[in-house]
file query_27.cif (mmCIF, C-alpha atoms)
data_coords
#
loop_
_atom_site.label_atom_id
_atom_site.label_comp_id
_atom_site.auth_asym_id
_atom_site.auth_seq_id
_atom_site.Cartn_x
_atom_site.Cartn_y
_atom_site.Cartn_z
CA THR Z 1 49.83 5.72 40.21
CA LYS Z 2 52.09 4.61 37.39
CA ARG Z 3 52.05 7.16 34.57
CA THR Z 4 51.51 6.28 30.94
CA PRO Z 5 54.91 6.28 29.21
CA ALA Z 6 55.61 9.00 26.68
CA LYS Z 7 55.73 7.91 23.04
CA PRO Z 8 56.69 9.55 19.73
CA PHE Z 9 54.42 12.49 18.92
CA VAL Z 10 54.65 11.95 15.14
CA LYS Z 11 54.66 9.07 12.69
CA TRP Z 12 58.04 8.73 11.04
CA ALA Z 13 59.50 6.64 8.25
CA GLY Z 14 61.98 4.19 9.75
CA GLY Z 15 60.61 4.58 13.29
CA LYS Z 16 61.97 2.01 15.72
CA GLY Z 17 58.94 1.53 17.97
CA GLN Z 18 58.38 -2.09 16.94
CA LEU Z 19 62.09 -2.90 17.27
CA LEU Z 20 62.50 -1.62 20.84
CA PRO Z 21 62.58 -5.11 22.45
CA THR Z 22 65.50 -6.05 20.18
CA ILE Z 23 67.31 -2.72 20.54
CA LYS Z 24 67.06 -2.80 24.34
CA LYS Z 25 69.07 -6.05 24.42
CA TYR Z 26 72.11 -4.03 23.33
CA SER Z 27 71.82 -1.29 25.96
CA PRO Z 28 74.86 -1.12 28.24
CA PRO Z 29 74.30 -2.88 31.59
CA LEU Z 30 75.34 0.26 33.51
CA LEU Z 31 72.83 2.52 31.75
CA GLY Z 32 71.07 4.64 34.36
CA THR Z 33 73.74 4.01 37.02
CA ALA Z 34 77.37 4.59 35.99
CA ILE Z 35 76.25 5.66 32.52
CA ARG Z 36 73.93 8.64 32.88
CA LYS Z 37 74.61 10.49 29.63
CA TYR Z 38 72.71 9.69 26.42
CA CYS Z 39 73.09 11.00 22.89
CA GLU Z 40 71.01 10.34 19.76
CA PRO Z 41 72.44 12.10 16.69
CA MET Z 42 69.61 11.16 14.28
CA VAL Z 43 66.59 11.22 16.58
CA GLY Z 44 63.65 11.09 14.13
CA ALA Z 45 60.44 10.38 16.04
CA GLY Z 46 62.46 9.39 19.11
CA ALA Z 47 61.18 5.90 19.90
CA VAL Z 48 64.50 4.92 21.51
CA LEU Z 49 64.87 8.32 23.16
CA PHE Z 50 61.49 8.13 24.88
CA ASP Z 51 62.03 4.54 25.92
CA ILE Z 52 65.23 5.59 27.69
CA LEU Z 53 63.69 8.71 29.24
CA ASN Z 54 60.71 6.66 30.45
CA THR Z 55 63.01 4.06 32.02
CA TYR Z 56 66.15 5.75 33.36
CA GLU Z 57 67.19 8.86 35.24
CA MET Z 58 69.78 10.52 33.00
CA ASP Z 59 71.95 13.51 33.91
CA GLU Z 60 72.56 14.72 30.35
CA VAL Z 61 70.67 13.98 27.13
CA TYR Z 62 71.48 15.33 23.65
CA ILE Z 63 69.41 14.82 20.51
CA CYS Z 64 69.95 16.03 16.97
CA ASP Z 65 68.37 15.79 13.50
CA THR Z 66 68.84 17.46 10.13
CA ASN Z 67 65.09 18.08 9.74
CA ALA Z 68 64.61 21.65 10.97
CA GLU Z 69 60.82 21.38 11.24
CA LEU Z 70 61.03 18.20 13.31
CA ILE Z 71 63.57 19.82 15.64
CA ASN Z 72 61.43 22.96 15.87
CA SER Z 73 58.55 20.76 17.03
CA TYR Z 74 60.69 19.17 19.74
CA ARG Z 75 61.67 22.62 20.98
CA VAL Z 76 58.11 23.95 20.97
CA ILE Z 77 56.84 20.90 22.87
CA LYS Z 78 59.61 21.45 25.41
CA ASP Z 79 59.02 25.20 25.87
CA ASN Z 80 55.48 26.06 24.70
CA VAL Z 81 53.39 22.90 24.94
CA ASP Z 82 50.17 24.60 26.17
CA GLU Z 83 50.09 27.03 23.24
CA LEU Z 84 50.83 24.14 20.87
CA ILE Z 85 47.99 22.05 22.30
CA GLU Z 86 45.55 24.94 21.93
CA LEU Z 87 46.34 25.27 18.23
CA LEU Z 88 46.32 21.52 17.60
CA MET Z 89 42.93 21.13 19.26
CA SER Z 90 41.49 23.76 16.95
CA TYR Z 91 42.91 21.89 13.94
CA GLU Z 92 41.56 18.57 15.19
CA ASN Z 93 38.07 19.95 15.83
CA GLU Z 94 37.95 21.66 12.45
CA HIS Z 95 39.27 18.64 10.57
CA LEU Z 96 36.99 16.05 12.17
CA LYS Z 97 33.75 17.99 11.69
CA ARG Z 98 34.23 18.16 7.90
CA ASP Z 99 33.26 15.68 5.18
CA ASP Z 100 35.92 14.11 2.94
CA ASP Z 101 35.94 16.80 0.26
CA SER Z 102 36.01 19.60 2.80
CA ARG Z 103 38.81 17.87 4.75
CA LYS Z 104 40.91 17.78 1.60
CA GLU Z 105 40.37 21.50 1.03
CA TYR Z 106 41.29 22.22 4.65
CA TYR Z 107 44.40 20.01 4.48
CA TYR Z 108 45.81 21.75 1.40
CA TYR Z 109 45.06 25.16 2.87
CA GLN Z 110 47.05 24.23 5.99
CA ARG Z 111 49.85 22.75 3.88
CA ASP Z 112 50.17 26.02 1.97
CA LEU Z 113 50.20 27.91 5.27
CA PHE Z 114 52.93 25.60 6.59
CA ASN Z 115 55.08 26.29 3.55
CA ALA Z 116 54.52 30.03 3.90
CA GLU Z 117 55.66 29.84 7.53
CA ILE Z 118 58.76 27.86 6.50
CA ILE Z 119 59.66 30.72 4.15
CA LYS Z 120 59.14 33.22 6.97
CA ALA Z 121 61.34 31.16 9.28
CA SER Z 122 64.17 31.33 6.77
CA ASN Z 123 64.24 35.11 7.33
CA LYS Z 124 65.68 35.67 10.82
CA TYR Z 125 64.07 39.10 10.95
CA VAL Z 126 60.59 37.61 10.58
CA ALA Z 127 60.71 34.32 12.50
CA ASP Z 128 59.62 34.53 16.15
CA ASP Z 129 57.99 32.40 18.85
CA ARG Z 130 54.57 32.66 17.21
CA ASN Z 131 56.02 31.47 13.92
CA SER Z 132 57.76 28.55 15.67
CA ILE Z 133 54.61 27.45 17.52
CA LEU Z 134 52.46 27.74 14.40
CA ARG Z 135 54.97 25.74 12.34
CA ALA Z 136 55.07 23.02 14.99
CA ALA Z 137 51.28 22.78 15.13
CA LEU Z 138 51.01 22.63 11.34
CA PHE Z 139 53.85 20.09 11.18
CA ILE Z 140 52.05 17.75 13.59
CA TYR Z 141 48.62 18.30 12.00
CA ILE Z 142 50.00 17.51 8.55
CA ASN Z 143 51.94 14.50 9.85
CA LYS Z 144 48.75 13.03 11.31
CA THR Z 145 46.66 13.59 8.19
CA CYS Z 146 49.06 13.23 5.24
CA PHE Z 147 49.76 10.09 3.22
CA ASN Z 148 51.53 7.53 5.43
CA GLY Z 149 53.02 10.20 7.69
CA LEU Z 150 55.67 11.03 5.11
CA TYR Z 151 57.86 14.11 5.20
CA ARG Z 152 58.95 15.09 1.69
CA VAL Z 153 59.92 18.45 0.24
CA ASN Z 154 60.56 19.78 -3.26
CA LYS Z 155 63.75 21.48 -4.51
CA LYS Z 156 62.67 24.71 -2.83
CA GLY Z 157 62.37 22.95 0.53
CA LEU Z 158 58.56 23.14 0.54
CA TYR Z 159 56.42 20.27 1.80
CA ASN Z 160 54.50 18.46 -0.95
CA VAL Z 161 52.98 15.23 0.43
CA PRO Z 162 49.29 14.70 -0.47
CA MET Z 163 46.53 14.12 2.04
CA GLY Z 164 46.06 10.62 3.45
CA SER Z 165 42.83 8.73 4.07
CA TYR Z 166 42.00 8.49 7.77
CA LYS Z 167 38.50 8.40 9.21
CA ASN Z 168 39.24 9.76 12.71
CA PRO Z 169 42.91 10.72 13.04
CA LYS Z 170 44.13 11.58 16.55
CA ILE Z 171 45.73 14.93 15.82
CA CYS Z 172 46.14 16.26 19.36
CA ASP Z 173 47.12 13.72 22.02
CA ILE Z 174 47.12 16.10 24.98
CA ASP Z 175 48.34 13.66 27.64
CA ASN Z 176 51.23 12.42 25.53
CA LEU Z 177 52.32 15.92 24.48
CA LYS Z 178 52.43 17.03 28.11
CA ARG Z 179 54.36 13.94 29.15
CA VAL Z 180 56.82 14.43 26.28
CA SER Z 181 57.24 18.06 27.35
CA GLU Z 182 58.11 16.99 30.89
CA LEU Z 183 60.71 14.50 29.69
CA LEU Z 184 62.32 16.98 27.30
CA GLN Z 185 63.08 19.52 30.04
CA ASN Z 186 66.49 17.95 30.65
CA VAL Z 187 67.24 17.42 26.94
CA THR Z 188 69.54 19.57 24.78
CA ILE Z 189 67.96 19.78 21.31
CA LEU Z 190 70.23 20.46 18.32
CA CYS Z 191 69.63 20.84 14.59
CA GLY Z 192 72.24 19.59 12.14
CA ASP Z 193 73.93 16.43 10.95
CA TYR Z 194 75.28 13.81 13.35
CA THR Z 195 78.60 15.62 13.81
CA CYS Z 196 76.97 18.43 15.80
CA VAL Z 197 76.87 16.20 18.91
CA GLU Z 198 80.53 15.21 18.76
CA GLN Z 199 81.61 17.75 21.38
CA TYR Z 200 79.19 16.26 23.92
CA VAL Z 201 80.26 12.63 23.60
CA ASP Z 202 82.83 11.07 25.92
CA GLU Z 203 83.72 7.58 27.11
CA SER Z 204 80.78 7.50 29.52
CA THR Z 205 78.12 8.46 26.95
CA PHE Z 206 75.68 5.94 25.51
CA VAL Z 207 75.18 6.88 21.84
CA TYR Z 208 72.44 5.33 19.72
CA PHE Z 209 72.90 5.46 15.94
#

call {"tool": "encode", "arguments": {"input": "query_27.cif", "output": "structure tokens"}}
result
Amino acid sequence: TKRTPAKPFVKWAGGKGQLLPTIKKYSPPLLGTAIRKYCEPMVGAGAVLFDILNTYEMDEVYICDTNAELINSYRVIKDNVDELIELLMSYENEHLKRDDDSRKEYYYYQRDLFNAEIIKASNKYVADDRNSILRAALFIYINKTCFNGLYRVNKKGLYNVPMGSYKNPKICDIDNLKRVSELLQNVTILCGDYTCVEQYVDESTFVYF
């Protein structure tokens, strides 16, 4: 049975999902055969990444982004997807059972918690696996319920996007998260600007900017 392809697990400004047919025209003809190394230095939601992972068998894959919370979510999906799903399901159930006013109260409570966990993560003596999983779950919950899926922070690095208006947001897509986790097992996930992947790129690497 053909499996449903993995897709981006978050909404993201500038996502390339709708442009994939055009982008794919520029893929090297030997991708997946002689070219089996892929690198994406500014991965975002990963529309191109997942299209390649769904389509080709790659020996080495490297992704990078400057957004630490996005990269944390990739790593948690790769390594702790079951714990992440458990938390996200509790957020989805709690969010959907509330009326509009109560949803807003719940959203801002979770946003404050997310910012508190970001502060904890900045202290290496406090951050741990539980902190990482919780941050990833809050990151995805907020992404699915905030205004237009935006990620914006203030001068202190704290998230400040208001709640969006969605009747029945799909906060926890279990099947997609598990499929994404499977595909990420062979992926090296880095956090930093585009130069952090330079050491991995050679003449046989397909790089998407």

call {"tool": "residues_around", "arguments": {"input": "query_27.cif", "residues": "segment 80-84 of chain Z", "least_positions_apart": "6", "cutoff": "7 Å", "atoms": "all atoms listed in the file", "output": "PyMOL selection string"}}
result
chain Z and resi 133+137+178+181

call {"tool": "residues_around", "arguments": {"input": "query_27.cif", "residues": "segment 145-151 of chain Z", "least_positions_apart": "4", "cutoff": "7 Å", "atoms": "all atoms listed in the file", "output": "list in words"}}
result
Lys11, Trp12, Ala13, Tyr141, Val161, Pro162, Met163, Gly164, Tyr166 and Pro169 of chain Z

call {"tool": "write_last_selection", "arguments": {"input": "query_27.cif", "atoms": "C-alpha atoms", "output": "CSV table (one decimal), in the coordinates of the input"}}
result
chain,number,residue,atom,x,y,z
Z,11,LYS,CA,54.7,9.1,12.7
Z,12,TRP,CA,58.0,8.7,11.0
Z,13,ALA,CA,59.5,6.6,8.2
Z,141,TYR,CA,48.6,18.3,12.0
Z,161,VAL,CA,53.0,15.2,0.4
Z,162,PRO,CA,49.3,14.7,-0.5
Z,163,MET,CA,46.5,14.1,2.0
Z,164,GLY,CA,46.1,10.6,3.4
Z,166,TYR,CA,42.0,8.5,7.8
Z,169,PRO,CA,42.9,10.7,13.0

call {"tool": "resolve_selection", "arguments": {"input": "query_27.cif", "expression": "the PyMOL selection byres ((chain Z and resi 44-50) around 6)", "output": "PyMOL selection string"}}
result
chain Z and resi 8+12+16-17+42-43+51-54

call {"tool": "closest_residue", "arguments": {"input": "query_27.cif", "among": "Z:Leu20, Z:Cys39, Z:Ile77, Z:Ala6", "to": "Ile63 of chain Z", "atoms": "all atoms listed in the file"}}
result
Z:Cys39

call {"tool": "atom_distance", "arguments": {"input": "query_27.cif", "atom1": "atom CA of Tyr159 of chain Z", "atom2": "atom CA of Asn93 of chain Z"}}
result
23.1 Å

call {"tool": "closest_residue", "arguments": {"input": "query_27.cif", "among": "Z:Tyr38, Z:Tyr108, Z:Phe114, Z:Tyr74", "to": "Phe9 of chain Z", "atoms": "only C-alpha atoms"}}
result
Z:Tyr74

call {"tool": "atom_distance", "arguments": {"input": "query_27.cif", "atom1": "atom CA of Gly32 of chain Z", "atom2": "atom CA of Asn186 of chain Z"}}
result
14.6 Å

call {"tool": "closest_residue", "arguments": {"input": "query_27.cif", "among": "Z:Pro29, Z:Glu69, Z:Ile171, Z:Arg179", "to": "Gly157 of chain Z", "atoms": "only C-alpha atoms"}}
result
Z:Glu69

call {"tool": "closest_residue", "arguments": {"input": "query_27.cif", "among": "Z:Tyr26, Z:Tyr106, Z:Tyr62, Z:Tyr56", "to": "Ile142 of chain Z", "atoms": "all atoms listed in the file"}}
result
Z:Tyr106

call {"tool": "closest_residue", "arguments": {"input": "query_27.cif", "among": "Z:Cys191, Z:Cys196, Z:Leu30, Z:Leu183", "to": "Val61 of chain Z", "atoms": "only C-alpha atoms"}}
result
Z:Leu183

call {"tool": "closest_residue", "arguments": {"input": "query_27.cif", "among": "Z:Tyr208, Z:Met58, Z:Leu138, Z:Ser122", "to": "Ser90 of chain Z", "atoms": "all atoms listed in the file"}}
result
Z:Leu138

call {"tool": "atom_distance", "arguments": {"input": "query_27.cif", "atom1": "atom CA of Ile35 of chain Z", "atom2": "atom CA of Gln185 of chain Z"}}
result
19.3 Å

call {"tool": "residues_around", "arguments": {"input": "query_27.cif", "residues": "Ile140 of chain Z", "least_positions_apart": "4", "cutoff": "7 Å", "atoms": "only C-alpha atoms", "output": "list in words"}}
result
Val10, Ala136 and Lys144 of chain Z

call {"tool": "residues_around", "arguments": {"input": "query_27.cif", "residues": "Thr205 of chain Z", "least_positions_apart": "3", "cutoff": "6 Å", "atoms": "only C-alpha atoms", "output": "list in words"}}
result
Lys37, Tyr38, Val201 and Asp202 of chain Z

call {"tool": "residues_around", "arguments": {"input": "query_27.cif", "residues": "Leu158 of chain Z", "least_positions_apart": "2", "cutoff": "12 Å", "atoms": "all atoms listed in the file", "output": "PyMOL selection string"}}
result
chain Z and resi 69+111-120+122+151-156+160-161
